[in-house]
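Structure file work_33.csv (CSV, C-alpha atoms) is printed below.
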chain,number,residue,atom,x,y,z
A,269,MET,CA,-28.6,1.3,-10.8
A,270,SER,CA,-25.5,0.0,-9.0
A,271,TYR,CA,-23.7,2.3,-6.7
A,272,LYS,CA,-20.0,2.1,-5.7
A,273,ASN,CA,-19.4,0.5,-2.3
A,274,PHE,CA,-16.2,2.2,-1.3
A,275,PRO,CA,-14.1,1.3,1.8
A,276,MET,CA,-13.0,4.0,4.1
A,277,VAL,CA,-10.1,4.2,6.6
A,278,PRO,CA,-11.7,2.4,9.6
A,279,ARG,CA,-9.6,4.1,12.2
A,280,VAL,CA,-8.1,7.6,12.4
A,281,ILE,CA,-6.6,9.6,15.2
A,282,PHE,CA,-6.2,13.4,14.9
A,283,GLY,CA,-4.4,15.8,17.1
A,284,ARG,CA,-1.1,17.5,17.7
A,285,GLY,CA,1.2,15.0,19.4
A,286,SER,CA,-0.9,12.0,18.5
A,287,PHE,CA,2.1,10.4,16.9
A,288,ASN,CA,3.1,9.5,20.5
A,289,GLN,CA,0.3,6.9,20.5
A,290,LEU,CA,1.8,4.9,17.7
A,291,ASN,CA,3.4,2.2,19.8
A,292,GLU,CA,0.2,1.7,21.8
A,293,ILE,CA,-1.8,1.4,18.6
A,294,LEU,CA,0.6,-1.2,17.1
A,295,ALA,CA,1.1,-3.4,20.1
A,296,PRO,CA,-2.1,-5.4,19.8
A,297,LYS,CA,-1.5,-5.9,16.1
A,298,ARG,CA,1.7,-7.8,16.5
A,299,LEU,CA,1.2,-11.3,15.1
A,300,SER,CA,4.2,-12.9,16.8
A,301,ARG,CA,7.8,-12.3,17.8
A,302,ASN,CA,9.0,-13.3,14.3
A,303,ALA,CA,6.4,-11.1,12.5
A,304,PRO,CA,8.1,-7.6,12.4
A,305,PHE,CA,6.6,-4.2,11.9
A,306,ILE,CA,8.3,-2.5,8.9
A,307,PHE,CA,8.5,1.3,9.0
A,308,LEU,CA,9.0,3.0,5.6
A,309,ILE,CA,10.1,6.5,6.5
A,310,ASP,CA,11.1,9.5,4.3
A,311,ASP,CA,14.8,9.8,4.5
A,312,VAL,CA,14.6,13.5,5.4
A,313,PHE,CA,14.0,12.1,9.0
A,314,LYS,CA,17.1,10.0,8.9
A,315,ASN,CA,19.0,12.2,11.3
A,316,ASN,CA,15.9,13.4,13.1
A,317,SER,CA,15.8,11.8,16.5
A,318,TRP,CA,12.8,14.0,17.3
A,319,LEU,CA,10.7,11.7,15.2
A,320,THR,CA,12.6,8.3,15.1
A,321,SER,CA,13.2,8.2,18.9
A,322,ARG,CA,9.5,7.9,19.5
A,323,ILE,CA,9.3,4.6,17.5
A,324,GLN,CA,9.8,1.6,19.8
A,325,LEU,CA,11.5,-1.2,17.8
A,326,SER,CA,11.1,-4.7,19.2
A,327,TYR,CA,12.3,-8.2,18.0
A,328,ASN,CA,13.0,-7.9,14.3
A,329,ASP,CA,11.2,-4.6,13.6
A,330,ARG,CA,12.9,-2.5,11.0
A,331,ILE,CA,13.1,1.1,9.8
A,332,ILE,CA,13.8,1.5,6.0
A,333,PHE,CA,14.6,5.1,5.0
A,334,ILE,CA,13.5,5.9,1.5
A,335,SER,CA,14.2,9.0,-0.6
A,336,ALA,CA,11.0,10.8,-1.8
A,337,ASN,CA,13.0,12.7,-4.5
A,338,GLU,CA,11.5,10.6,-7.2
A,339,GLU,CA,7.9,9.4,-7.8
A,340,PRO,CA,7.3,5.8,-6.5
A,341,LYS,CA,7.9,3.1,-9.1
A,342,THR,CA,6.5,-0.4,-9.5
A,343,SER,CA,10.1,-1.7,-9.6
A,344,GLN,CA,10.8,0.0,-6.3
A,345,VAL,CA,7.8,-1.7,-4.7
A,346,ASP,CA,9.0,-5.1,-6.0
A,347,LYS,CA,12.5,-4.6,-4.5
A,348,LEU,CA,11.1,-3.6,-1.2
A,349,VAL,CA,8.8,-6.6,-1.0
A,350,GLU,CA,11.6,-9.0,-1.9
A,351,ASP,CA,13.9,-7.4,0.7
A,352,ILE,CA,11.2,-7.7,3.4
A,353,ILE,CA,10.4,-11.3,2.5
A,354,VAL,CA,14.1,-12.3,2.5
A,355,THR,CA,14.9,-10.6,5.8
A,356,SER,CA,11.8,-11.5,7.8
A,357,LYS,CA,11.2,-14.9,9.4
A,358,GLU,CA,7.4,-14.5,9.0
A,359,HIS,CA,5.0,-12.2,7.1
A,360,PRO,CA,5.2,-8.8,8.7
A,361,SER,CA,2.7,-7.8,11.3
A,362,GLY,CA,2.3,-4.4,9.6
A,363,ILE,CA,3.7,-1.8,7.2
A,364,ILE,CA,3.8,1.7,8.5
A,365,GLY,CA,4.4,4.6,6.0
A,366,ILE,CA,5.7,7.9,7.5
A,367,GLY,CA,6.2,10.7,5.0
A,368,GLY,CA,4.4,12.4,2.1
A,369,GLY,CA,2.4,11.0,-0.7
A,370,THR,CA,5.4,9.0,-2.1
A,371,LEU,CA,6.0,7.1,1.2
A,372,LEU,CA,2.3,6.6,1.8
A,373,ASP,CA,1.8,5.2,-1.7
A,374,LEU,CA,4.8,2.9,-1.2
A,375,ALA,CA,3.5,1.6,2.1
A,376,LYS,CA,0.1,0.9,0.6
A,377,ALA,CA,1.6,-0.9,-2.4
A,378,VAL,CA,4.1,-3.0,-0.4
A,379,SER,CA,1.3,-4.1,2.0
A,380,ILE,CA,-0.7,-5.3,-1.0
A,381,MET,CA,2.2,-7.0,-2.8
A,382,LEU,CA,3.2,-9.0,0.3
A,383,THR,CA,-0.1,-11.0,-0.1
A,384,ASN,CA,-0.6,-10.9,-3.9
A,385,LYS,CA,1.6,-12.9,-6.4
A,386,GLY,CA,3.4,-11.3,-9.3
A,387,ASP,CA,4.8,-7.8,-9.9
A,388,ALA,CA,3.3,-4.5,-8.8
A,389,LYS,CA,2.9,-3.5,-12.5
A,390,ASP,CA,0.3,-6.4,-12.9
A,391,TYR,CA,-2.0,-4.5,-10.5
A,392,GLN,CA,-1.9,-1.1,-12.0
A,393,GLY,CA,-5.6,-0.4,-12.8
A,394,TRP,CA,-9.0,-0.8,-11.2
A,395,ASP,CA,-9.9,-3.7,-8.8
A,396,LEU,CA,-7.3,-6.2,-9.9
A,397,VAL,CA,-6.1,-7.0,-6.3
A,398,LYS,CA,-7.4,-10.4,-5.1
A,399,ASN,CA,-6.2,-10.8,-1.6
A,400,ALA,CA,-6.4,-8.5,1.4
A,401,ALA,CA,-3.3,-6.5,2.2
A,402,VAL,CA,-1.0,-6.8,5.3
A,403,TYR,CA,-2.2,-4.4,8.1
A,404,HIS,CA,-0.9,-1.0,7.1
A,405,VAL,CA,-0.8,2.4,8.8
A,406,GLY,CA,-0.4,5.9,7.2
A,407,ILE,CA,1.2,8.8,8.9
A,408,PRO,CA,1.5,11.9,6.7
A,409,THR,CA,4.3,14.4,7.4
A,410,ILE,CA,3.1,16.9,4.7
A,411,SER,CA,-0.5,17.8,3.8
A,412,GLY,CA,-2.2,17.9,0.4
A,413,THR,CA,-2.0,14.6,-1.5
A,414,GLY,CA,-4.9,12.9,0.1
A,415,ALA,CA,-2.9,9.6,-0.1
A,416,GLU,CA,-3.7,9.0,3.6
A,417,VAL,CA,-7.4,8.5,2.7
A,418,SER,CA,-7.5,7.3,-0.9
A,419,ARG,CA,-8.1,3.8,-2.4
A,420,THR,CA,-5.3,4.2,-4.8
A,421,THR,CA,-1.5,4.1,-4.8
A,422,VAL,CA,-0.1,6.0,-7.7
A,423,LEU,CA,2.9,4.2,-9.3
A,424,THR,CA,5.1,4.8,-12.3
A,425,GLY,CA,5.4,1.4,-14.1
A,426,PRO,CA,7.4,0.3,-17.2
A,427,ASP,CA,4.4,1.2,-19.5
A,428,LYS,CA,2.3,3.7,-17.6
A,429,LYS,CA,1.8,5.8,-14.6
A,430,LEU,CA,-1.3,4.5,-12.9
A,431,GLY,CA,-2.5,3.6,-9.4
A,432,ILE,CA,-3.3,0.3,-7.8
A,433,ASN,CA,-7.0,1.2,-7.3
A,434,SER,CA,-8.7,-1.4,-5.0
A,435,ASP,CA,-10.8,-1.9,-1.9
A,436,TYR,CA,-7.7,-3.3,-0.2
A,437,THR,CA,-5.6,-0.2,-0.8
A,438,PRO,CA,-6.8,2.2,2.0
A,439,PHE,CA,-5.0,2.2,5.3
A,440,ASP,CA,-6.3,0.3,8.3
A,441,GLN,CA,-5.2,3.1,10.5
A,442,VAL,CA,-4.2,6.8,9.9
A,443,ILE,CA,-2.5,9.1,12.4
A,444,LEU,CA,-3.0,12.8,11.6
A,445,ASP,CA,-0.5,14.8,13.7
A,446,SER,CA,0.0,18.3,12.3
A,447,GLU,CA,3.2,18.7,14.4
A,448,LEU,CA,4.9,16.3,11.9
A,449,THR,CA,4.4,19.0,9.2
A,450,LYS,CA,6.0,21.9,11.0
A,451,ASP,CA,9.4,21.8,9.1
A,452,VAL,CA,8.1,21.4,5.6
A,453,PRO,CA,9.9,23.8,3.2
A,454,LYS,CA,7.7,26.6,1.9
A,455,ASN,CA,7.8,25.7,-1.8
A,456,GLN,CA,7.0,22.0,-1.0
A,457,TRP,CA,4.2,23.1,1.4
A,458,PHE,CA,2.7,25.1,-1.5
A,459,TYR,CA,3.0,22.5,-4.2
A,460,THR,CA,1.6,19.7,-2.1
A,461,GLY,CA,-1.2,22.0,-0.7
A,462,MET,CA,-2.1,22.9,-4.3
A,463,ASP,CA,-2.5,19.2,-5.1
A,464,CYS,CA,-5.4,19.3,-2.6
A,465,PHE,CA,-6.7,22.6,-4.0
A,466,ILE,CA,-6.7,21.1,-7.5
A,467,HIS,CA,-8.4,17.9,-6.3
A,468,CYS,CA,-11.3,20.1,-5.1
A,469,ILE,CA,-11.6,22.2,-8.3
A,470,GLU,CA,-11.5,19.1,-10.5
A,471,SER,CA,-14.0,17.2,-8.3
A,472,LEU,CA,-16.4,20.2,-7.9
A,473,THR,CA,-16.5,21.1,-11.6
A,474,GLY,CA,-16.7,17.5,-12.9
A,475,THR,CA,-19.5,15.6,-14.5
A,476,TYR,CA,-19.2,12.9,-11.8
A,477,LEU,CA,-20.1,15.4,-9.1
A,478,ASN,CA,-22.7,14.2,-6.5
A,479,ALA,CA,-23.8,15.4,-3.0
A,480,PHE,CA,-21.2,13.0,-1.3
A,481,SER,CA,-18.2,14.4,-3.2
A,482,GLU,CA,-19.5,17.9,-3.2
A,483,SER,CA,-19.9,18.2,0.6
A,484,TYR,CA,-16.3,17.0,1.1
A,485,GLY,CA,-15.0,19.1,-1.8
A,486,LYS,CA,-16.5,22.3,-0.6
A,487,MET,CA,-15.2,21.9,2.9
A,488,ALA,CA,-11.7,21.2,1.6
A,489,LEU,CA,-11.8,24.1,-0.8
A,490,ASN,CA,-12.9,26.6,1.9
A,491,LEU,CA,-10.0,25.4,4.1
A,492,CYS,CA,-7.6,25.8,1.2
A,493,LYS,CA,-8.8,29.3,0.7
A,494,GLU,CA,-8.2,30.1,4.3
A,495,VAL,CA,-4.8,28.6,4.4
A,496,PHE,CA,-3.4,30.0,1.1
A,497,LEU,CA,-5.2,33.4,1.0
A,498,GLU,CA,-5.4,34.4,4.7
A,499,ASP,CA,-3.2,32.4,7.1
A,500,ASN,CA,0.5,32.3,7.8
A,501,HIS,CA,1.7,28.9,6.7
A,502,SER,CA,3.9,28.3,9.8
A,503,ASN,CA,1.1,28.7,12.4
A,504,ILE,CA,-0.4,25.7,14.2
A,505,GLU,CA,-4.0,26.4,13.2
A,506,SER,CA,-3.0,26.7,9.5
A,507,GLN,CA,-1.2,23.3,9.7
A,508,GLU,CA,-4.2,21.6,11.2
A,509,LYS,CA,-6.5,23.2,8.6
A,510,LEU,CA,-4.4,22.0,5.7
A,511,MET,CA,-4.2,18.5,7.2
A,512,MET,CA,-8.0,18.4,7.3
A,513,ALA,CA,-8.3,19.9,3.8
A,514,SER,CA,-6.1,17.1,2.5
A,515,TRP,CA,-8.3,14.5,4.2
A,516,HIS,CA,-11.6,16.0,2.9
A,517,GLY,CA,-10.0,16.6,-0.6
A,518,GLY,CA,-9.1,12.9,-0.7
A,519,MET,CA,-12.6,12.0,0.3
A,520,SER,CA,-14.2,14.3,-2.3
A,521,ILE,CA,-12.5,12.3,-5.2
A,522,ALA,CA,-13.3,8.9,-3.6
A,523,TYR,CA,-16.8,9.2,-5.0
A,524,SER,CA,-16.0,11.2,-8.1
A,525,GLN,CA,-12.7,11.8,-9.9
A,526,VAL,CA,-10.0,14.3,-10.7
A,527,GLY,CA,-9.6,15.9,-14.2
A,528,VAL,CA,-7.5,17.6,-16.8
A,529,ALA,CA,-4.6,18.7,-14.6
A,530,HIS,CA,-4.0,15.3,-13.0
A,531,ALA,CA,-4.3,13.5,-16.4
A,532,MET,CA,-1.7,15.8,-17.9
A,533,SER,CA,0.6,15.9,-14.9
A,534,TYR,CA,0.8,12.1,-15.1
A,535,GLY,CA,2.2,12.5,-18.6
A,536,LEU,CA,4.8,15.0,-17.3
A,537,SER,CA,5.7,12.7,-14.4
A,538,TYR,CA,6.1,9.6,-16.6
A,539,LEU,CA,8.3,11.2,-19.2
A,540,LEU,CA,10.3,13.8,-17.1
A,541,GLY,CA,10.0,12.5,-13.6
A,542,THR,CA,8.3,15.7,-12.5
A,543,LYS,CA,7.0,15.4,-8.9
A,544,HIS,CA,3.3,15.2,-8.6
A,545,GLY,CA,2.6,18.4,-6.7
A,546,ILE,CA,4.7,20.7,-8.9
A,547,GLY,CA,3.6,18.9,-12.0
A,548,ASN,CA,0.0,19.7,-11.2
A,549,CYS,CA,0.9,23.4,-10.6
A,550,ILE,CA,2.7,23.6,-14.0
A,551,VAL,CA,-0.2,22.2,-15.8
A,552,PHE,CA,-3.0,23.9,-13.9
A,553,ASN,CA,-1.4,27.3,-14.5
A,554,GLN,CA,-2.3,26.8,-18.2
A,555,LEU,CA,-5.9,25.6,-17.8
A,556,GLU,CA,-8.0,28.8,-17.7
A,557,GLU,CA,-10.1,27.3,-20.6
A,558,PHE,CA,-11.3,24.5,-18.4
A,559,TYR,CA,-11.2,25.9,-14.9
A,560,PRO,CA,-11.4,29.7,-15.2
A,561,GLU,CA,-12.3,30.4,-11.5
A,562,GLY,CA,-10.0,27.8,-10.1
A,563,VAL,CA,-7.0,29.1,-12.1
A,564,LYS,CA,-7.7,32.7,-11.2
A,565,LEU,CA,-7.6,31.7,-7.5
A,566,PHE,CA,-4.5,29.6,-8.0
A,567,LYS,CA,-2.7,32.6,-9.5
A,568,GLN,CA,-3.7,34.7,-6.5
A,569,MET,CA,-2.3,32.1,-4.1
A,570,LYS,CA,0.9,31.8,-6.1
A,571,ALA,CA,1.4,35.6,-6.1
A,572,LYS,CA,0.7,35.9,-2.3
A,573,HIS,CA,3.3,33.3,-1.5
A,574,ASN,CA,5.9,34.5,-4.1
A,575,ILE,CA,6.0,31.1,-5.8
A,576,THR,CA,7.8,31.0,-9.2
A,577,LEU,CA,6.9,27.9,-11.3
A,578,PRO,CA,9.5,26.3,-13.6
A,579,LYS,CA,9.1,27.4,-17.2
A,580,ARG,CA,9.8,25.8,-20.6
A,581,VAL,CA,9.7,22.3,-19.1
A,582,CYS,CA,8.6,21.0,-22.5
A,583,ALA,CA,10.8,23.3,-24.6
A,584,ASP,CA,13.3,20.7,-25.7
A,585,LEU,CA,11.0,17.7,-26.3
A,586,ASN,CA,10.7,16.0,-29.7
A,587,ASP,CA,7.5,14.6,-31.3
A,588,ASP,CA,8.1,11.1,-29.7
A,589,ASP,CA,8.3,12.7,-26.3
A,590,PHE,CA,5.1,14.6,-26.8
A,591,ASN,CA,3.4,11.4,-28.1
A,592,THR,CA,4.5,9.5,-25.0
A,593,MET,CA,3.0,12.1,-22.7
A,594,ILE,CA,-0.2,12.4,-24.8
A,595,ASN,CA,-0.7,8.6,-24.7
A,596,ILE,CA,-0.2,8.4,-20.9
A,597,ALA,CA,-2.6,11.3,-20.3
A,598,LEU,CA,-5.3,10.1,-22.8
A,599,GLY,CA,-5.1,6.6,-21.3
A,600,LEU,CA,-6.8,7.9,-18.1
A,601,GLU,CA,-10.3,7.8,-19.5
A,602,PRO,CA,-12.3,8.3,-16.2
A,603,LEU,CA,-10.4,11.5,-15.6
A,604,TRP,CA,-11.3,13.0,-19.0
A,605,GLU,CA,-14.9,11.8,-18.8
A,606,ASN,CA,-15.3,13.5,-15.4
A,607,ALA,CA,-13.7,16.7,-16.7
A,608,LEU,CA,-15.3,17.0,-20.1
A,609,GLY,CA,-18.2,14.5,-20.3
A,610,ASN,CA,-18.9,11.6,-22.6
A,611,ASN,CA,-17.8,13.4,-25.7
A,612,TRP,CA,-14.4,14.2,-24.3
A,613,LYS,CA,-12.5,12.6,-27.2
A,614,LYS,CA,-13.9,15.2,-29.5
A,615,ILE,CA,-12.8,18.0,-27.2
A,616,MET,CA,-9.4,16.8,-26.1
A,617,THR,CA,-7.7,15.6,-29.2
A,618,PRO,CA,-4.0,14.7,-29.3
A,619,LYS,CA,-3.4,17.9,-31.3
A,620,LYS,CA,-5.1,20.0,-28.6
A,621,LEU,CA,-3.2,18.2,-25.8
A,622,LYS,CA,0.2,18.8,-27.6
A,623,GLU,CA,-0.6,22.6,-27.8
A,624,LEU,CA,-1.3,22.7,-24.1
A,625,TYR,CA,1.9,20.8,-23.3
A,626,LYS,CA,3.9,23.2,-25.5
A,627,LYS,CA,2.8,26.1,-23.3
A,628,MET,CA,4.5,24.6,-20.3
Could the structure of this file be written out as structure tokens, please?
Amino acid sequence: MSYKNFPMVPRVIFGRGSFNQLNEILAPKRLSRNAPFIFLIDDVFKNNSWLTSRIQLSYNDRIIFISANEEPKTSQVDKLVEDIIVTSKEHPSGIIGIGGGTLLDLAKAVSIMLTNKGDAKDYQGWDLVKNAAVYHVGIPTISGTGAEVSRTTVLTGPDKKLGINSDYTPFDQVILDSELTKDVPKNQWFYTGMDCFIHCIESLTGTYLNAFSESYGKMALNLCKEVFLEDNHSNIESQEKLMMASWHGGMSIAYSQVGVAHAMSYGLSYLLGTKHGIGNCIVFNQLEEFYPEGVKLFKQMKAKHNITLPKRVCADLNDDDFNTMINIALGLEPLWENALGNNWKKIMTPKKLKELYKKM
């Protein structure tokens, strides 16, 4: 039997205030005066000198502020890569992503596409990347997606929503500083945290489960329960717990897979542009049949934090719209196989999927 030989993030620094060590970490990685560091930063920090003043720009280093209001697209990656190539005298020394899952995924994708020919859409899939990426650093400012640790970068392309899954995708360095998450709005904190919770439920109940993914998944799930059922979301300890839950949740799916909620939320996201975290919540809320215990816990957490999910998001869709979502979702075969086993096609028919979408 052949086992997967997964890469892990080789270097990680954890601790409140550890962001202050960024310049010290980057200095030895500079290739030359003409090889800039490019900082891709969530534009919520545009007027936030508390964060940006701590980044020392030298030579031709650049900060590019990017809105995270929409899910990252392959076309967006291609434009960023072209912009960086045109404005840089030499290949960048590194790409640093600072933000949530959208910014981290963009940083991973840009670092790959700077060394691989063609368009980002050509690499949506598993193990299509040929050349090692440019040095890249991930600094999450919200916790839950697991993007800081995963070997995928989820992108919406012209034909599908699918990650660039490769051994070259994971970051070379991650900085986990929970202080950067202190101003996250409550709803966003909940939706992104639930992405982590749902990772755990899908991993721990899936057919791909093994001792590796189970150990990380259980740790992340216990932390999620503490954060969302016991703690106050604004306290420091809770922020640190959720940051570690995100990391362990990401690790738990590295050696297994996600399931029904993620497959269906990809369909919502592709058609309606629904953000990943909230999309997962809208879908998971209707999945008692597949995850009875998980959905029960989810509803307790939702009630505790007074979260109201959008309703009737699929109410005005026509048959073509439903078919688009169904095709996107059913195209993610490993997710269904993990969730429902080898005979998943007999269980999750297009008709069944349409009925589920209509509930949302």
Taking only residues of stretch 318-382 of chain A that have an atom at most 8 Å from an atom of stretch 397-418 of chain A, what is each one's shortest atom pair and its distance in Å to one decimal, using all atoms listed in the file, in chain and number order, as JSON lines?
{"residue": "A:Pro360", "atom": "CA", "partner": "A:Val402", "partner_atom": "CA", "distance": 7.3}
{"residue": "A:Ser361", "atom": "CA", "partner": "A:Tyr403", "partner_atom": "CA", "distance": 6.8}
{"residue": "A:Gly362", "atom": "CA", "partner": "A:Tyr403", "partner_atom": "CA", "distance": 4.7}
{"residue": "A:Ile363", "atom": "CA", "partner": "A:His404", "partner_atom": "CA", "distance": 4.7}
{"residue": "A:Ile364", "atom": "CA", "partner": "A:Val405", "partner_atom": "CA", "distance": 4.7}
{"residue": "A:Gly365", "atom": "CA", "partner": "A:Gly406", "partner_atom": "CA", "distance": 5.1}
{"residue": "A:Ile366", "atom": "CA", "partner": "A:Ile407", "partner_atom": "CA", "distance": 4.8}
{"residue": "A:Gly367", "atom": "CA", "partner": "A:Thr409", "partner_atom": "CA", "distance": 4.8}
{"residue": "A:Gly368", "atom": "CA", "partner": "A:Ile410", "partner_atom": "CA", "distance": 5.4}
{"residue": "A:Gly369", "atom": "CA", "partner": "A:Ala415", "partner_atom": "CA", "distance": 5.5}
{"residue": "A:Leu372", "atom": "CA", "partner": "A:Gly406", "partner_atom": "CA", "distance": 6.1}
{"residue": "A:Asp373", "atom": "CA", "partner": "A:Ala415", "partner_atom": "CA", "distance": 6.6}
{"residue": "A:Ala375", "atom": "CA", "partner": "A:His404", "partner_atom": "CA", "distance": 7.1}
{"residue": "A:Lys376", "atom": "CA", "partner": "A:His404", "partner_atom": "CA", "distance": 6.8}
{"residue": "A:Ser379", "atom": "CA", "partner": "A:Val402", "partner_atom": "CA", "distance": 4.8}
{"residue": "A:Ile380", "atom": "CA", "partner": "A:Ala401", "partner_atom": "CA", "distance": 4.3}
{"residue": "A:Met381", "atom": "CA", "partner": "A:Ala401", "partner_atom": "CA", "distance": 7.4}
{"residue": "A:Leu382", "atom": "CA", "partner": "A:Val402", "partner_atom": "CA", "distance": 6.9}
Serialized selection, C-alpha atoms, as a PDB file, in the coordinates of the input:
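Output contents, as saved in result-v4.pdb:
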ATOM      1  CA  PRO A 360       5.200  -8.800   8.700  1.00  0.00           C
ATOM      2  CA  SER A 361       2.700  -7.800  11.300  1.00  0.00           C
ATOM      3  CA  GLY A 362       2.300  -4.400   9.600  1.00  0.00           C
ATOM      4  CA  ILE A 363       3.700  -1.800   7.200  1.00  0.00           C
ATOM      5  CA  ILE A 364       3.800   1.700   8.500  1.00  0.00           C
ATOM      6  CA  GLY A 365       4.400   4.600   6.000  1.00  0.00           C
ATOM      7  CA  ILE A 366       5.700   7.900   7.500  1.00  0.00           C
ATOM      8  CA  GLY A 367       6.200  10.700   5.000  1.00  0.00           C
ATOM      9  CA  GLY A 368       4.400  12.400   2.100  1.00  0.00           C
ATOM     10  CA  GLY A 369       2.400  11.000  -0.700  1.00  0.00           C
ATOM     11  CA  LEU A 372       2.300   6.600   1.800  1.00  0.00           C
ATOM     12  CA  ASP A 373       1.800   5.200  -1.700  1.00  0.00           C
ATOM     13  CA  ALA A 375       3.500   1.600   2.100  1.00  0.00           C
ATOM     14  CA  LYS A 376       0.100   0.900   0.600  1.00  0.00           C
ATOM     15  CA  SER A 379       1.300  -4.100   2.000  1.00  0.00           C
ATOM     16  CA  ILE A 380      -0.700  -5.300  -1.000  1.00  0.00           C
ATOM     17  CA  MET A 381       2.200  -7.000  -2.800  1.00  0.00           C
ATOM     18  CA  LEU A 382       3.200  -9.000   0.300  1.00  0.00           C
TER      19      LEU A 382
END
Restricting to only C-alpha atoms, whichever of A:Cys492, A:Glu505, A:His359, A:Asp311 is closest to A:Thr460 is A:Cys492
Suppose you want the space between atom CA of A:Glu358 and atom CA of A:Ala303; what is it in Å?
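Interatomic distance here is 5.0 Å.
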A:Arg298, A:Lys357, A:His467, A:Arg322 ranked by distance to A:Leu489, top pick (using all atoms listed in the file)
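Answer, going by the shortest atom-to-atom distance: A:His467.
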Could you pull the residues within 12 Å of A:Phe558, counting only C-alpha atoms, minus those fewer than 2 positions along the same chain, as an NGL selection string?
:A and (469-470 or 473-474 or 527-529 or 551-556 or 560-564 or 604 or 607-608 or 615-616 or 624)
Please tell me which residues are no farther than 9 Å from (10.1, 0.9, 6.1) in the file, counting all atoms listed in the file, and write them as a count of residues only.
18
Residues near stretch 431-445 of chain A, cut-off 6 Å, only C-alpha atoms, skip fewer than 6 positions along chain, as a list in words
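Listing them by chain and then by number gives Pro275, Val277, Pro278, Arg279, Val280, Ile281, Phe282, Gly283, Arg284, Gly285, Ser286, Lys376, Tyr391, Gln392, Gly393, Trp394, Asp395, Ala400, Ala401, His404, Val405, Gly406, Ile407, Ser418, Arg419, Thr420, Thr421, Val422 and Leu423 of chain A.
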Mind pulling up the distance from atom CA of A:Ile521 to atom CA of A:Ser481?
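We find that atom CA of A:Ser481 and atom CA of A:Ile521 lie 6.4 Å from each other.
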Just give me the gap between atom CA of A:Met628 and atom CA of A:Ile596 in Å, one decimal is fine.
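Computed distance, atom CA of A:Met628 to atom CA of A:Ile596, equals 16.9 Å.
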